[in-house]
>>> print(open('structure_37.tsv').read())   # TSV, C-alpha atoms
chain	number	residue	atom	x	y	z
R	1	MET	CA	106.01	20.67	95.63
R	2	LYS	CA	103.01	20.27	93.43
R	3	LEU	CA	102.31	22.29	90.27
R	4	LYS	CA	99.23	24.29	89.32
R	5	ILE	CA	99.00	25.58	85.76
R	6	CYS	CA	96.40	28.33	85.75
R	7	GLY	CA	94.51	30.39	83.18
R	8	MET	CA	93.59	27.59	80.77
R	9	LYS	CA	91.21	28.51	77.98
R	10	TYR	CA	91.43	26.45	74.76
R	11	PRO	CA	90.31	22.77	74.56
R	12	ASP	CA	93.22	21.44	72.49
R	13	ASN	CA	95.73	23.27	74.68
R	14	ILE	CA	93.96	22.01	77.80
R	15	LEU	CA	94.39	18.44	76.57
R	16	GLU	CA	98.05	19.00	75.70
R	17	VAL	CA	98.79	20.44	79.13
R	18	GLY	CA	96.68	17.71	80.72
R	19	SER	CA	98.87	15.04	79.13
R	20	LEU	CA	101.77	16.43	81.20
R	21	LEU	CA	99.85	15.63	84.40
R	22	PRO	CA	100.15	18.82	86.44
R	23	ASP	CA	98.59	18.43	89.87
R	24	TYR	CA	96.13	21.31	89.41
R	25	MET	CA	94.70	23.08	86.38
R	26	GLY	CA	93.08	26.48	86.85
R	27	PHE	CA	90.08	27.95	85.01
R	28	ILE	CA	89.32	31.62	85.59
R	29	PHE	CA	85.66	32.52	86.02
R	30	TRP	CA	86.21	36.26	86.34
R	31	GLU	CA	84.75	37.98	83.29
R	32	LYS	CA	87.24	40.87	83.27
R	33	SER	CA	90.18	38.49	82.82
R	34	ALA	CA	91.78	37.95	79.42
R	35	ARG	CA	91.78	34.27	80.42
R	36	TYR	CA	88.08	34.15	81.28
R	37	PHE	CA	86.78	30.63	80.73
R	38	ASP	CA	83.28	29.97	79.42
R	39	GLY	CA	83.78	26.84	77.34
R	40	VAL	CA	83.78	23.10	77.79
R	41	ILE	CA	86.51	21.36	79.76
R	42	PRO	CA	87.54	18.23	77.88
R	43	ASP	CA	88.07	14.97	79.76
R	44	LEU	CA	91.23	15.15	81.81
R	45	PRO	CA	93.19	12.55	83.80
R	46	LYS	CA	91.58	11.98	87.19
R	47	SER	CA	94.78	12.99	88.99
R	48	ILE	CA	94.41	16.61	87.83
R	49	LYS	CA	92.37	18.78	90.17
R	50	LYS	CA	90.24	21.19	88.17
R	51	THR	CA	90.32	24.51	90.00
R	52	GLY	CA	87.82	27.31	89.54
R	53	VAL	CA	89.19	30.81	90.14
R	54	PHE	CA	86.66	33.36	91.39
R	55	VAL	CA	86.88	37.05	92.30
R	56	ASN	CA	84.28	38.40	94.74
R	57	GLU	CA	81.66	36.07	93.29
R	58	SER	CA	78.45	34.97	94.99
R	59	THR	CA	78.23	31.62	96.73
R	60	GLU	CA	75.42	30.59	94.39
R	61	VAL	CA	77.48	31.18	91.26
R	62	ILE	CA	80.49	29.35	92.71
R	63	LEU	CA	78.37	26.35	93.64
R	64	ALA	CA	76.79	26.29	90.18
R	65	LYS	CA	80.18	26.43	88.43
R	66	ALA	CA	81.57	23.75	90.76
R	67	GLN	CA	78.74	21.42	89.78
R	68	LYS	CA	78.77	22.29	86.07
R	69	TYR	CA	82.52	21.79	85.64
R	70	ASP	CA	83.02	19.11	88.31
R	71	LEU	CA	85.58	21.22	90.14
R	72	GLN	CA	87.88	19.66	92.72
R	73	ALA	CA	89.17	22.98	94.07
R	74	ILE	CA	87.90	26.53	94.44
R	75	GLN	CA	90.28	29.50	94.51
R	76	LEU	CA	89.01	32.74	96.03
R	77	HIS	CA	91.00	35.60	94.52
R	78	GLY	CA	89.08	38.62	95.77
R	79	GLN	CA	88.33	40.30	99.10
R	80	GLU	CA	86.22	37.42	100.39
R	81	SER	CA	85.58	37.65	104.14
R	82	VAL	CA	86.12	34.97	106.75
R	83	GLU	CA	82.34	34.65	107.02
R	84	PHE	CA	82.01	34.16	103.26
R	85	CYS	CA	84.69	31.46	103.25
R	86	GLN	CA	83.03	29.67	106.16
R	87	ASP	CA	79.61	29.80	104.49
R	88	LEU	CA	81.05	28.45	101.24
R	89	LYS	CA	82.89	25.66	103.04
R	90	ASN	CA	79.66	24.68	104.78
R	91	LYS	CA	77.83	24.41	101.45
R	92	ILE	CA	80.33	22.71	99.14
R	93	ASP	CA	81.16	19.03	99.00
R	94	ASN	CA	83.79	18.05	101.57
R	95	SER	CA	85.99	16.68	98.81
R	96	ILE	CA	86.37	20.13	97.18
R	97	GLU	CA	89.45	22.03	98.36
R	98	THR	CA	89.30	25.75	99.06
R	99	ILE	CA	92.24	28.07	98.41
R	100	LYS	CA	92.19	31.65	99.75
R	101	VAL	CA	94.42	34.12	97.92
R	102	PHE	CA	96.27	37.04	99.48
R	103	SER	CA	98.08	39.74	97.51
R	104	VAL	CA	101.50	40.30	99.01
R	105	ASP	CA	103.97	43.17	99.01
R	106	ASN	CA	106.78	44.13	101.39
R	107	ALA	CA	104.30	45.67	103.83
R	108	PHE	CA	101.97	42.64	104.00
R	109	ASP	CA	100.66	41.96	107.51
R	110	PHE	CA	100.57	38.20	108.07
R	111	GLU	CA	98.31	38.68	111.08
R	112	VAL	CA	95.35	38.97	108.69
R	113	LEU	CA	95.73	35.26	107.94
R	114	LYS	CA	94.84	33.96	111.38
R	115	PRO	CA	91.03	34.05	111.15
R	116	PHE	CA	91.17	32.38	107.72
R	117	GLU	CA	93.12	29.33	108.89
R	118	ALA	CA	89.98	27.44	109.91
R	119	VAL	CA	87.93	28.27	106.81
R	120	CYS	CA	90.19	27.21	103.93
R	121	ASP	CA	92.48	24.31	103.07
R	122	TYR	CA	95.31	26.35	101.61
R	123	PHE	CA	96.52	29.90	101.26
R	124	LEU	CA	97.90	31.26	97.99
R	125	PHE	CA	100.31	34.18	97.97
R	126	ASP	CA	100.33	36.29	94.81
R	127	THR	CA	102.00	39.57	93.93
R	128	LYS	CA	100.03	42.67	94.83
R	129	GLY	CA	99.28	44.59	91.64
R	130	LYS	CA	96.64	46.39	89.59
R	131	LEU	CA	94.79	43.14	88.82
R	132	PRO	CA	93.65	40.39	91.22
R	133	GLY	CA	96.18	38.11	89.50
R	134	GLY	CA	98.18	37.59	86.34
R	135	ASN	CA	100.34	40.67	86.85
R	136	GLY	CA	103.43	38.76	85.74
R	137	THR	CA	105.73	39.95	88.50
R	138	THR	CA	107.17	38.27	91.58
R	139	PHE	CA	107.11	39.67	95.08
R	140	ASP	CA	110.11	39.59	97.42
R	141	TRP	CA	109.92	36.07	98.83
R	142	LYS	CA	112.00	37.14	101.82
R	143	VAL	CA	108.79	38.47	103.37
R	144	LEU	CA	107.71	34.83	103.73
R	145	GLU	CA	110.31	34.48	106.48
R	146	LYS	CA	107.67	36.18	108.64
R	147	TYR	CA	105.05	33.53	107.82
R	148	PRO	CA	103.59	32.59	111.22
R	149	SER	CA	101.41	29.64	110.24
R	150	SER	CA	101.74	25.93	109.50
R	151	LYS	CA	98.97	26.16	106.90
R	152	PRO	CA	100.36	24.89	103.55
R	153	PHE	CA	100.34	27.45	100.75
R	154	PHE	CA	100.65	27.91	97.01
R	155	LEU	CA	103.38	30.29	95.83
R	156	SER	CA	102.34	32.41	92.85
R	157	GLY	CA	103.13	35.65	91.07
R	158	GLY	CA	105.26	35.94	87.95
R	159	ILE	CA	106.94	32.54	88.26
R	160	GLY	CA	108.66	31.50	85.03
R	161	ILE	CA	111.43	29.12	84.05
R	162	GLU	CA	113.99	31.71	85.17
R	163	GLU	CA	112.56	31.60	88.69
R	164	MET	CA	112.55	27.80	89.03
R	165	GLY	CA	116.01	27.74	90.60
R	166	ALA	CA	114.91	30.21	93.27
R	167	VAL	CA	111.71	28.20	93.79
R	168	ASN	CA	113.77	25.08	94.44
R	169	GLU	CA	115.92	26.98	96.92
R	170	ILE	CA	112.99	28.36	98.90
R	171	SER	CA	111.44	24.89	98.98
R	172	LYS	CA	114.47	23.73	101.00
R	173	THR	CA	113.44	25.99	103.88
R	174	ASN	CA	110.98	25.10	106.62
R	175	LEU	CA	108.20	27.02	104.91
R	176	PRO	CA	105.16	24.79	104.21
R	177	ILE	CA	105.11	25.41	100.45
R	178	TYR	CA	102.55	23.00	99.04
R	179	ALA	CA	102.61	24.01	95.38
R	180	ILE	CA	103.68	26.62	92.87
R	181	ASP	CA	101.17	28.31	90.62
R	182	VAL	CA	102.25	29.37	87.13
R	183	ASN	CA	100.40	31.29	84.47
R	184	SER	CA	101.44	34.25	82.31
R	185	LYS	CA	105.14	33.42	81.95
R	186	PHE	CA	104.24	30.06	80.41
R	187	GLU	CA	102.04	31.52	77.69
R	188	ILE	CA	102.13	32.18	73.98
R	189	GLU	CA	99.16	34.49	74.48
R	190	PRO	CA	96.63	34.87	77.31
R	191	GLY	CA	95.09	31.47	77.98
R	192	LEU	CA	97.32	29.58	75.52
R	193	LYS	CA	100.16	27.74	77.27
R	194	ASN	CA	103.58	26.98	75.79
R	195	ILE	CA	103.80	23.19	76.03
R	196	GLN	CA	107.60	23.10	75.98
R	197	LEU	CA	107.85	25.52	78.89
R	198	CYS	CA	105.24	23.55	80.84
R	199	THR	CA	107.14	20.33	80.13
R	200	ASP	CA	110.35	21.94	81.33
R	201	ALA	CA	108.70	23.13	84.56
R	202	ILE	CA	107.32	19.68	85.35
R	203	TYR	CA	110.71	18.11	84.64
R	204	ARG	CA	112.48	20.55	86.96
R	205	ILE	CA	110.00	19.97	89.77
R	206	SER	CA	110.19	16.18	89.42
R	207	THR	CA	113.99	16.30	89.34
R	208	HIS	CA	114.00	18.47	92.44
R	209	LYS	CA	111.74	15.96	94.24
R	210	GLN	CA	114.11	13.11	93.36
R	211	ASN	CA	117.12	15.07	94.58
R	212	LYS	CA	115.41	15.74	97.93
R	213	LYS	CA	114.85	12.01	98.57
>>> encode(input="structure_37.tsv", output="structure tokens")
Amino acid sequence: MKLKICGMKYPDNILEVGSLLPDYMGFIFWEKSARYFDGVIPDLPKSIKKTGVFVNESTEVILAKAQKYDLQAIQLHGQESVEFCQDLKNKIDNSIETIKVFSVDNAFDFEVLKPFEAVCDYFLFDTKGKLPGGNGTTFDWKVLEKYPSSKPFFLSGGIGIEEMGAVNEISKTNLPIYAIDVNSKFEIEPGLKNIQLCTDAIYRISTHKQNKK
């Protein structure tokens, strides 16, 4: 599994988290978010994929942000259509990954995923809640037993240190979990990450990888 640390906001904190070498670092470009990013991203190690998070944004704005911040991944966290995702994929650089988010509860219909398989690189499953993301709660991962696709996905939604054991267990299944996405449970305040918790998460993931070998 790879690790995405999302909702970064403050330059010094970004550098501290960057020194831990997560695989992805997320910056939220949705103005209603408490973690809305409108600053300058300091220089980060090349191995970290800077990910822009957008909610029902226009293609033009996404392309402009991707160029301004040199994004390596784009996360679509709204009700973007298949046609929108296809249009965006046609216009962005081939090296930029696209991640389409779906909000999941016990009644989620996995059939809705099929038309999106060809227009994004990854899915991301988050907990269905009042906000597009950052609700701080997990969904029942047993629903993923119904996952009908081979498309790799990010697992998100209220994942904290306490959930890492369960994350490691679900990663032992045949589900194509590509990465976990953490945010609010690793924070001191919105946008400010707890470095010790982030260090602990990276250690647990790396230890799990070694144990699987």
>>> atom_distance(input="structure_37.tsv", atom1="CA of Lys46 in chain R", atom2="CA of Gly158 in chain R")
27.6 Å
>>> atom_distance(input="structure_37.tsv", atom1="CA of Ser58 in chain R", atom2="CA of Ser156 in chain R")
24.1 Å
>>> residues_near_point(input="structure_37.tsv", point="(113.1, 31.3, 80.6)", cutoff="10 Å", atoms="only C-alpha atoms", output="PyMOL selection string")
chain R and resi 159-164+185-186+197+200
>>> residues_near_point(input="structure_37.tsv", point="(83.5, 21.5, 75.1)", cutoff="12 Å", atoms="all atoms listed in the file", output="PyMOL selection string")
chain R and resi 9-12+14-15+37-43+68-69
>>> atom_distance(input="structure_37.tsv", atom1="CA of Pro22 in chain R", atom2="CA of Ile205 in chain R")
10.5 Å
>>> residues_around(input="structure_37.tsv", residues="Gln86 in chain R", least_positions_apart="2", cutoff="12 Å", atoms="only C-alpha atoms", output="list in words")
Thr59, Glu80, Ser81, Val82, Glu83, Phe84, Leu88, Lys89, Asn90, Lys91, Ile92, Thr98, Lys100, Pro115, Phe116, Glu117, Ala118, Val119, Cys120 and Asp121 of chain R
>>> closest_residue(input="structure_37.tsv", among="R:Lys32, R:His77, R:Lys50, R:Lys193", to="Thr127 in chain R", atoms="only C-alpha atoms")
R:His77
>>> closest_atom_pairs(input="structure_37.tsv", of="range 26-81 of chain R", to="range 179-182 of chain R", cutoff="12 Å", atoms="only C-alpha atoms", output="Markdown table")
| residue | atom | partner | partner_atom | distance |
| --- | --- | --- | --- | --- |
| R:Gly26 | CA | R:Asp181 | CA | 9.1 |
| R:Thr51 | CA | R:Asp181 | CA | 11.5 |
| R:Gln75 | CA | R:Asp181 | CA | 11.6 |
>>> residues_around(input="structure_37.tsv", residues="Trp141 in chain R", least_positions_apart="4", cutoff="12 Å", atoms="all atoms listed in the file", output="list of chain:residue names")
R:Val104, R:Asp105, R:Asn106, R:Phe108, R:Phe125, R:Asp126, R:Thr127, R:Thr137, R:Glu145, R:Lys146, R:Tyr147, R:Leu155, R:Ser156, R:Gly157, R:Gly158, R:Ile159, R:Glu163, R:Ala166, R:Val167, R:Glu169, R:Ile170, R:Ser171, R:Thr173, R:Leu175, R:Ile177
>>> closest_residue(input="structure_37.tsv", among="R:Ala107, R:Leu71, R:Met1, R:Ile48", to="Ile202 in chain R", atoms="all atoms listed in the file")
R:Met1
>>> closest_residue(input="structure_37.tsv", among="R:Gln72, R:Val112, R:Pro152, R:Leu21", to="Asn94 in chain R", atoms="all atoms listed in the file")
R:Gln72
>>> closest_residue(input="structure_37.tsv", among="R:Val17, R:Ala34, R:Ile5, R:Ala64", to="Gly191 in chain R", atoms="all atoms listed in the file")
R:Ala34
>>> closest_residue(input="structure_37.tsv", among="R:Thr199, R:Ser150, R:Thr138, R:Ser47", to="Ser184 in chain R", atoms="only C-alpha atoms")
R:Thr138
>>> axis_aligned_box(input="structure_37.tsv", around="range 171-181 of chain R", padding_each_side="8 Å", output="JSON")
{"center_x": 107.8, "center_y": 25.7, "center_z": 98.6, "size_x": 29.3, "size_y": 21.3, "size_z": 32.0}
>>> closest_residue(input="structure_37.tsv", among="R:Asn174, R:Gln196, R:Lys4, R:Val61", to="Asp23 in chain R", atoms="all atoms listed in the file")
R:Lys4
